[in-house]
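Asks: My questions all concern the structure below.
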Amino acid sequence: MKKTFSFFILVFLSIPTFAQQPGSLKLWYNKPAGNTWTDALPVGNGRLGAMVYGNPEQEILKLNETSVWAGGPNRNDNPDALAALPEIRKLIFEGKHAEAQKLASQKIESKTTNGMMYQPVGNLNLRFANHDSFTNYYRELDIEKAVTTTSYTVDGVKYTRQVIASVPDQVIAVRLTADKPGKISFTASLSSPQKGKTMADKSGKLMFSGISGDKEGIKGQVAFNAHVKLLNEGGKIASGDTSVAVENASAVTLLVSIGTNFVDYKTLTADPQAKADQYLNKAVKKSFASLLKDNVAAYQKYFNRVKIDLGTSEAASLPTDERIAKFASGNDPALVSLYFQFGRYLLISASQPAQNGLPVGQAANLQGIWNQQMSPPWGSKYTININTEMNYWPAEVTNLTEMHDPLIQMIKELSLTGQQTAKNMYGAKGWVAHHNTDLWRITGPVDPIFYAMWPMGGAWLSQHVWEKYSYSGDKVYLKSVYPALKGAAQFFVDFLVEEPSNKWLVVVPSMSPENAPASRPEITIGAGHTMDNQIVFDIFTSTLRAAEALGTDQEFVKILKEKRSRLAPMQIGKFGQLQEWLQDLDNPEDKHRHISHLYGLFPSHQLSAYRTPELFSAARTSLEHRGDVSTGWSMGWKVNWWARLQDGNRAYKLITDQLSPVNIAGKKGGGGTYTNLFDAHPPFQIDGNFGCTAGIAEMLMQSHDGAIQLLPALPDGWKNGSINGLRARGGFDIVSLEWKEGKVSKLVIKSNLGGNCRLRIPNVLAGKDVDLKEAQGENVNDFYQTEEVLKPIISSAATMGKLPVKETRLYDFQTKPGRTYTFTL
Ligand code: FUC
């Protein structure tokens, strides 16, 4: 009690004395994280992660390494599925859904494993005796430089700590300094919830060697070593059995290196100790200043590609936690810019390409790379019925295509493991994955059948393979990923069956992720759900377009076209809504977080204000029915949907819902944002950060539906602003986009591939280098080909809402590869 009181006095006294003036790309606080993980600040280099608490007396770094997962190589197919499949389908077509579900739960649910967990390495603890009475406290995460800094004063000495997770040197580096010599004394130790052993050697090196946990009968097989080297400048260093003490140093650098035995999802033969030492022995040769400098350069290569300015206000000078608390009631556009850039920071920190002899990293999981629990929510694995895909929505548009590579690699690996699942469970060629996967690339069903019965995960993921190409036009890349794309399509060529009523080709058995109609709750698993139809439409389309671009597989293209024309069309139900199921069963009161049938609106581009106005309007009605406040990721998705629906103010309203504090008393349900800007499902789940980041980009620029559209969903509050460096499909860089009073005032576009550039803009612009011509007919640029969806069926009871479509101008200009074009008002 007494301690808390004096702590608040200290915090209070420290407020007016802030020396630093935090910049616009900083998260900052005037209090330590204490014991709260979601108050700590994340650093990461794609492979190593740390949550930094900034507690003066007891500093904690919670450590992660991306290959530390429970269990080991395993498969979870249920081979009984194959024999039961015809009966399950028959029961569904006879309307006996409850019986079908019962049989599926016996014959399709996994009898072995349901995915392993992502697990922590442990904690680096630094204990500073007598640092509990401090003044001038300040803590920040500078996302322009990827470094956390903590500073405070004890007994007239100013102490500063910095932490980075270095990409080029593959260590986490901690730098401790003081403004008077000989004042740094502390004890360092490693602790871990994992099975293992801690040691310290005479040279001032701490070591923990551990083994990951067991799950569902699979023994933990990831062996890992964490080594921490303490390098003191001045003073003394003394090692105990399990700790290292530093006395009266003037500065200290701690280097944290972690190695594991992981080689790939089926091979665990590396030497963890040798790996940890290899990184450490190289890093000790460098000063902290050069580690920092090299990491800033490696980080900024990506981060600096995009700059955003949505305006600023007085609120921008407040600590980040206060800004979040006040966001809904105040005016703080710069917090949206910070949140957008924080999403990019997180993606760079959690997902790195192959480099410096290191293989491509692991894809960002449900918590990116940051997890302190042995058994985290949903295993902190990969939920691929929305969450993993959402993690990568910002990758292309916010100019981080290299960060996409770990996901693309995971898809390639799933396309191999998933072949056996397709064959064993469904007698189909190609590959399949259900709604979850993990480090071991399992592709069978996970969890009870209500969640598990969804053979669409591989096909949805595969859209990322195509999307990456659609931004770069890189045919060498396309060729390397084509087998995965083709395999995902091949599965559905075999798996689709004709449903009896309309003779449409449908996916069966499947479900509309995690939802069931209230009036027919037994219809969990069924046939021809809207999202499935849309995903199959997309995987067939992208595969045939990839085949055409590569000049291959003409016969297969014919099959895809023929099957695609026989899919179930989208349907508009009696409330004017886009139907979620084959039957008109939607309930306008349903507030479920998954709105899977709007996949067609975003991330897909099957619905258009201009080409499919009825479907567009129906999607809007469905979204209105579901309401706004929901889990973090659901709100992140809604920002994108409202951006596609060209409603900037509603998209902004969803950002406001997302940027509301999650831990406030009396808050009813729904997600929000923790003080460290992490998204709250709740609990913490990183997808909402990424979803909202992509949504902010979508509000300002979209590239689909035949054109690059500028300011499609600008809210009233962002009248003036600029964004530089977004990417558009077809190899166009939006070098600069500036707007004044809601009008595009300056536009600079670089064309990397040449070809026709079609712009949809709210106002007239004049070209400096070329004339803009009014667009005629279809866009001839291949990357802007639009695919006609099947004609929708509209219920006779439906009254269709009138759509508020923005008035825009449509222009064309011819581009040459490598040239930049400027336009002004
Ligand atoms: C899906 C969602 C949950 C959660 C989990 C990780 O099952 O329905 O809301 O995000 O994934």
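Just so we're on the same page: first chain in the structure tokens is A, next is B, and so on; residues restart at 1 for each chain, and ligands are numbered from 1 in the order they show up.
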Using DSSP secondary structure from the backbone, list all strand (DSSP E or B) positions within stretch 92-218 of chain A, as a ChimeraX atom specification.
Replies: /A:118,122-127,135-142,147-154,157-165,172-178,184-191,195-201,205-211,215,218
Asks: Can you tell me which residues surround A:Thr401 at a distance of at most 10 Å, considering only C-alpha atoms, apart from same-chain residues fewer than 2 positions away, and format the answer as a list in words?
Replies: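 So the residues in contact are Tyr302, Pro353, Tyr392, Pro394, Ala395, Glu396, Val397, Thr398, Asn399, Met403, His404, Asp405, Lys468, Tyr469, Tyr471, Ser472 and Arg727 of chain A.
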Asks: Show me which residues line ligand 1, defined as having an atom within 8 Å of a ligand atom where only C-alpha atoms and all ligand atoms count, and present them as a PDB file with C-alpha atoms, in the first residue's frame.
Replies:
```pdb
ATOM      1  CA  LEU A 366      -1.781 -15.353 -33.512  1.00  0.00           C
ATOM      2  CA  PRO A 377      -4.963 -18.771 -26.079  1.00  0.00           C
ATOM      3  CA  TRP A 378      -5.692 -20.937 -29.157  1.00  0.00           C
ATOM      4  CA  SER A 380      -0.822 -18.969 -30.349  1.00  0.00           C
ATOM      5  CA  TYR A 382      -2.137 -20.286 -37.008  1.00  0.00           C
ATOM      6  CA  THR A 383      -5.910 -20.007 -37.309  1.00  0.00           C
ATOM      7  CA  ILE A 384      -6.381 -19.915 -41.054  1.00  0.00           C
ATOM      8  CA  ASN A 385     -10.114 -19.271 -41.267  1.00  0.00           C
ATOM      9  CA  ILE A 386      -9.281 -15.539 -40.965  1.00  0.00           C
ATOM     10  CA  ASN A 387      -6.552 -14.681 -38.469  1.00  0.00           C
ATOM     11  CA  TYR A 451     -14.875 -25.546 -35.953  1.00  0.00           C
ATOM     12  CA  PRO A 513     -16.645 -20.415 -40.197  1.00  0.00           C
ATOM     13  CA  GLU A 514     -17.805 -20.865 -36.643  1.00  0.00           C
ATOM     14  CA  ARG A 593     -17.784 -11.842 -35.179  1.00  0.00           C
ATOM     15  CA  HIS A 594     -17.183 -13.897 -38.329  1.00  0.00           C
ATOM     16  CA  THR A 631     -13.578  -8.800 -31.158  1.00  0.00           C
ATOM     17  CA  TRP A 633      -9.893  -8.740 -35.469  1.00  0.00           C
ATOM     18  CA  HIS A 681      -9.454  -9.925 -29.071  1.00  0.00           C
ATOM     19  CA  GLN A 685      -4.215 -11.251 -30.668  1.00  0.00           C
TER      20      GLN A 685
END
```
Asks: Can you list, as a ChimeraX atom specification, all residues belonging to stretch 495-594 of chain A that DSSP tags as helix (DSSP H, G or I)?
Replies: /A:495,530-550,554-564
Asks: Would you list the contacts of A:Leu659 as a ChimeraX atom specification, taking every protein, DNA or RNA residue within 7 Å and counting only C-alpha atoms, but skipping same-chain residues closer than 6 positions in sequence?
Replies: /A:324,327,672-673
Asks: Please identify all polymer residues within 10 Å of stretch 283-286 of chain A, counting only C-alpha atoms, omitting same-chain residues fewer than 2 positions from it, and present them as a list of chain:residue names.
Replies: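 The filter keeps A:Ser166, A:Pro168, A:Asp169, A:Gln170, A:Val171, A:Ile172, A:Ala173, A:Lys229, A:Leu230, A:Leu231, A:Thr253, A:Leu254, A:Leu255, A:Val256, A:Ser257, A:Asp277, A:Gln278, A:Tyr279, A:Leu280, A:Asn281, A:Phe288, A:Ala289, A:Ser290, A:Leu291, A:Leu292.
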Asks: Those residues you just picked out, can you put them in a file as a PDB file, in the first residue's frame with N, CA and C atoms?
Replies:
```pdb
ATOM      1  N   SER A 166      18.293  -7.309 -33.019  1.00  0.00           N
ATOM      2  CA  SER A 166      19.028  -7.015 -34.245  1.00  0.00           C
ATOM      3  C   SER A 166      18.756  -8.043 -35.350  1.00  0.00           C
ATOM      4  N   PRO A 168      20.498  -7.926 -38.487  1.00  0.00           N
ATOM      5  CA  PRO A 168      21.771  -8.387 -39.079  1.00  0.00           C
ATOM      6  C   PRO A 168      22.608  -9.229 -38.131  1.00  0.00           C
ATOM      7  N   ASP A 169      22.527  -8.996 -36.820  1.00  0.00           N
ATOM      8  CA  ASP A 169      23.389  -9.733 -35.894  1.00  0.00           C
ATOM      9  C   ASP A 169      22.667 -10.825 -35.110  1.00  0.00           C
ATOM     10  N   GLN A 170      21.364 -10.940 -35.278  1.00  0.00           N
ATOM     11  CA  GLN A 170      20.603 -12.062 -34.689  1.00  0.00           C
ATOM     12  C   GLN A 170      20.760 -12.203 -33.176  1.00  0.00           C
ATOM     13  N   VAL A 171      20.875 -11.079 -32.482  1.00  0.00           N
ATOM     14  CA  VAL A 171      20.859 -11.095 -31.015  1.00  0.00           C
ATOM     15  C   VAL A 171      19.909 -10.001 -30.522  1.00  0.00           C
ATOM     16  N   ILE A 172      19.485 -10.167 -29.292  1.00  0.00           N
ATOM     17  CA  ILE A 172      18.813  -9.052 -28.607  1.00  0.00           C
ATOM     18  C   ILE A 172      19.892  -8.365 -27.799  1.00  0.00           C
ATOM     19  N   ALA A 173      20.029  -7.061 -27.954  1.00  0.00           N
ATOM     20  CA  ALA A 173      21.100  -6.342 -27.257  1.00  0.00           C
ATOM     21  C   ALA A 173      20.494  -5.339 -26.290  1.00  0.00           C
ATOM     22  N   LYS A 229      25.429 -12.912 -22.695  1.00  0.00           N
ATOM     23  CA  LYS A 229      26.797 -12.492 -22.382  1.00  0.00           C
ATOM     24  C   LYS A 229      26.738 -11.068 -21.825  1.00  0.00           C
ATOM     25  N   LEU A 230      27.383 -10.879 -20.659  1.00  0.00           N
ATOM     26  CA  LEU A 230      27.415  -9.543 -20.057  1.00  0.00           C
ATOM     27  C   LEU A 230      28.788  -8.928 -20.299  1.00  0.00           C
ATOM     28  N   LEU A 231      28.816  -7.761 -20.870  1.00  0.00           N
ATOM     29  CA  LEU A 231      30.085  -7.078 -21.181  1.00  0.00           C
ATOM     30  C   LEU A 231      30.102  -5.777 -20.392  1.00  0.00           C
ATOM     31  N   THR A 253      26.806  -3.893 -21.653  1.00  0.00           N
ATOM     32  CA  THR A 253      26.009  -4.405 -22.776  1.00  0.00           C
ATOM     33  C   THR A 253      25.709  -5.872 -22.502  1.00  0.00           C
ATOM     34  N   LEU A 254      24.452  -6.243 -22.662  1.00  0.00           N
ATOM     35  CA  LEU A 254      24.068  -7.653 -22.540  1.00  0.00           C
ATOM     36  C   LEU A 254      23.624  -8.132 -23.914  1.00  0.00           C
ATOM     37  N   LEU A 255      24.157  -9.252 -24.339  1.00  0.00           N
ATOM     38  CA  LEU A 255      23.765  -9.805 -25.636  1.00  0.00           C
ATOM     39  C   LEU A 255      23.044 -11.119 -25.412  1.00  0.00           C
ATOM     40  N   VAL A 256      21.828 -11.214 -25.914  1.00  0.00           N
ATOM     41  CA  VAL A 256      21.022 -12.422 -25.744  1.00  0.00           C
ATOM     42  C   VAL A 256      20.999 -13.159 -27.072  1.00  0.00           C
ATOM     43  N   SER A 257      21.443 -14.411 -27.052  1.00  0.00           N
ATOM     44  CA  SER A 257      21.445 -15.199 -28.280  1.00  0.00           C
ATOM     45  C   SER A 257      20.690 -16.501 -28.020  1.00  0.00           C
ATOM     46  N   ASP A 277      25.890 -19.930 -29.810  1.00  0.00           N
ATOM     47  CA  ASP A 277      27.253 -19.397 -29.693  1.00  0.00           C
ATOM     48  C   ASP A 277      27.708 -18.709 -30.967  1.00  0.00           C
ATOM     49  N   GLN A 278      27.319 -19.279 -32.088  1.00  0.00           N
ATOM     50  CA  GLN A 278      27.737 -18.713 -33.375  1.00  0.00           C
ATOM     51  C   GLN A 278      27.277 -17.248 -33.503  1.00  0.00           C
ATOM     52  N   TYR A 279      26.022 -16.978 -33.180  1.00  0.00           N
ATOM     53  CA  TYR A 279      25.542 -15.589 -33.256  1.00  0.00           C
ATOM     54  C   TYR A 279      26.245 -14.731 -32.210  1.00  0.00           C
ATOM     55  N   LEU A 280      26.393 -15.303 -30.999  1.00  0.00           N
ATOM     56  CA  LEU A 280      26.955 -14.525 -29.893  1.00  0.00           C
ATOM     57  C   LEU A 280      28.411 -14.161 -30.165  1.00  0.00           C
ATOM     58  N   ASN A 281      29.183 -15.135 -30.627  1.00  0.00           N
ATOM     59  CA  ASN A 281      30.612 -14.884 -30.837  1.00  0.00           C
ATOM     60  C   ASN A 281      30.862 -13.804 -31.881  1.00  0.00           C
ATOM     61  N   PHE A 288      27.870  -1.766 -28.971  1.00  0.00           N
ATOM     62  CA  PHE A 288      26.419  -1.566 -29.025  1.00  0.00           C
ATOM     63  C   PHE A 288      26.074  -0.521 -30.080  1.00  0.00           C
ATOM     64  N   ALA A 289      26.898   0.527 -30.152  1.00  0.00           N
ATOM     65  CA  ALA A 289      26.616   1.597 -31.122  1.00  0.00           C
ATOM     66  C   ALA A 289      26.579   1.049 -32.546  1.00  0.00           C
ATOM     67  N   SER A 290      27.497   0.119 -32.861  1.00  0.00           N
ATOM     68  CA  SER A 290      27.461  -0.376 -34.243  1.00  0.00           C
ATOM     69  C   SER A 290      26.362  -1.424 -34.433  1.00  0.00           C
ATOM     70  N   LEU A 291      26.042  -2.189 -33.382  1.00  0.00           N
ATOM     71  CA  LEU A 291      24.878  -3.095 -33.488  1.00  0.00           C
ATOM     72  C   LEU A 291      23.616  -2.273 -33.778  1.00  0.00           C
ATOM     73  N   LEU A 292      23.496  -1.185 -33.033  1.00  0.00           N
ATOM     74  CA  LEU A 292      22.319  -0.322 -33.182  1.00  0.00           C
ATOM     75  C   LEU A 292      22.276   0.298 -34.579  1.00  0.00           C
TER      76      LEU A 292
END
```
Asks: Counting only C-alpha atoms, figure out which residue out of A:Gly706, A:Pro500, A:Pro804, A:Gly725 gets nearest to A:Gln776.
Replies: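 Between A:Gly706, A:Pro500, A:Pro804, A:Gly725, the residue approaching A:Gln776 most closely is A:Gly706.
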Asks: Hey, what's within 6 Å of A:Val154 if we count only C-alpha atoms and toss same-chain stuff fewer than 2 positions away? As a list in words, please?
Replies: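 The filter keeps Phe134, Gly156 and Val157 of chain A.
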